Amino acid sequence: MAAKNIEVDYITDDSKRNTTFRKRKQGIIKKMDEITTLCGIDACGIIYDENMSQPTIWPSKDTFQTLMDKFRTLPESEQRKVTLDHEDFLKNTIAKDREKLIKQTDIITKKNKMNNLLDHFIRTGEFDGNDLSESDLEDLSLLIDDNLKGLGQMTK
């Protein structure tokens, strides 16, 4: 079953909030356990609960301390590479989304160019593809094939 999008808001009902917290905390711990097993990596986590005086430390306090010591022995430049604050995370996400947008824009621009060439040929019988690369011609051929398939499906 596909995951459903849920509205993420503060849960005002104490009972529901505590139940949700407990279930999600267990889910996070389970995911950390799975990723360490499946990928053979070291991971640890701290989860603070307002109802408990001590945080939950996974997998154990000793393992956590060992991993933190290992992390702290890295040079500061290496620590920064693997440490993101919220602002850095958002900057990285925005940069990746911009790259995706540029790629999608390029694809759409190229597809429009091919559609315009094809439309011009259909209307006038003239093909002005002298400035097209071999890759562009292949793309045009695929577009023509797709259009023919679409016509074939419409006639069925």
# chains A, B, ... in the order shown; residues from 1 in each chain; ligands from 1
>>> select_by_dssp(residues="range 45-136 of chain A", states="alpha helix (DSSP H)", output="JSON, numbers by chain")
{"A": [61, 62, 63, 64, 65, 66, 67, 68, 69, 70, 71, 72, 76, 77, 78, 79, 80, 81, 82, 86, 87, 88, 89, 90, 91, 92, 93, 94, 95, 96, 97, 98, 99, 100, 101, 102, 103, 104, 105, 106, 107, 108, 109, 110, 111, 112, 113, 114, 115, 116, 117, 118, 119, 120, 121, 122, 123, 124, 134, 135, 136]}
>>> residues_around(residues="Thr63 in chain A", least_positions_apart="5", cutoff="10 Å", atoms="only C-alpha atoms", output="number ranges by chain")
A: 42-44, 57-58, 68-69
>>> atom_distance(atom1="CA of Leu137 in chain A", atom2="CA of Phe121 in chain A")
13.9 Å
>>> select_by_dssp(residues="range 26-57 of chain A", states="strand (DSSP E)", output="CSV table (one decimal) with C-alpha atoms, in the first residue's frame")
chain,number,residue,atom,x,y,z
A,45,GLY,CA,20.7,8.2,17.7
A,46,ILE,CA,19.4,10.2,20.6
A,47,ILE,CA,15.7,10.9,21.1
A,56,THR,CA,16.6,7.2,24.6
A,57,ILE,CA,20.1,6.4,23.2
>>> closest_atom_pairs(of="range 104-130 of chain A", to="range 139-147 of chain A", cutoff="8 Å", atoms="only C-alpha atoms", output="JSON lines")
{"residue": "A:Met114", "atom": "CA", "partner": "A:Leu140", "partner_atom": "CA", "distance": 5.8}
{"residue": "A:Asn115", "atom": "CA", "partner": "A:Leu143", "partner_atom": "CA", "distance": 7.9}
{"residue": "A:Leu118", "atom": "CA", "partner": "A:Leu140", "partner_atom": "CA", "distance": 8.0}
>>> write_last_selection(atoms="N, CA, C and O atoms", output="tab-separated table (two decimals), in the first residue's frame")
chain	number	residue	atom	x	y	z
A	114	MET	N	11.57	20.15	-31.53
A	114	MET	CA	11.29	19.01	-32.41
A	114	MET	C	9.84	19.05	-32.90
A	114	MET	O	9.56	18.78	-34.07
A	115	ASN	N	8.92	19.39	-31.99
A	115	ASN	CA	7.51	19.49	-32.38
A	115	ASN	C	7.30	20.59	-33.41
A	115	ASN	O	6.54	20.41	-34.37
A	118	LEU	N	8.61	19.35	-36.76
A	118	LEU	CA	7.68	18.37	-37.32
A	118	LEU	C	6.42	19.06	-37.83
A	118	LEU	O	5.94	18.77	-38.94
>>> atom_distance(atom1="CA of Asp49 in chain A", atom2="CA of Arg24 in chain A")
12.0 Å
>>> closest_residue(among="A:Gln26, A:Lys113, A:Pro55, A:Lys81", to="Leu132 in chain A", atoms="only C-alpha atoms")
A:Lys113
>>> atom_distance(atom1="CA of Val8 in chain A", atom2="CA of Lys96 in chain A")
23.9 Å
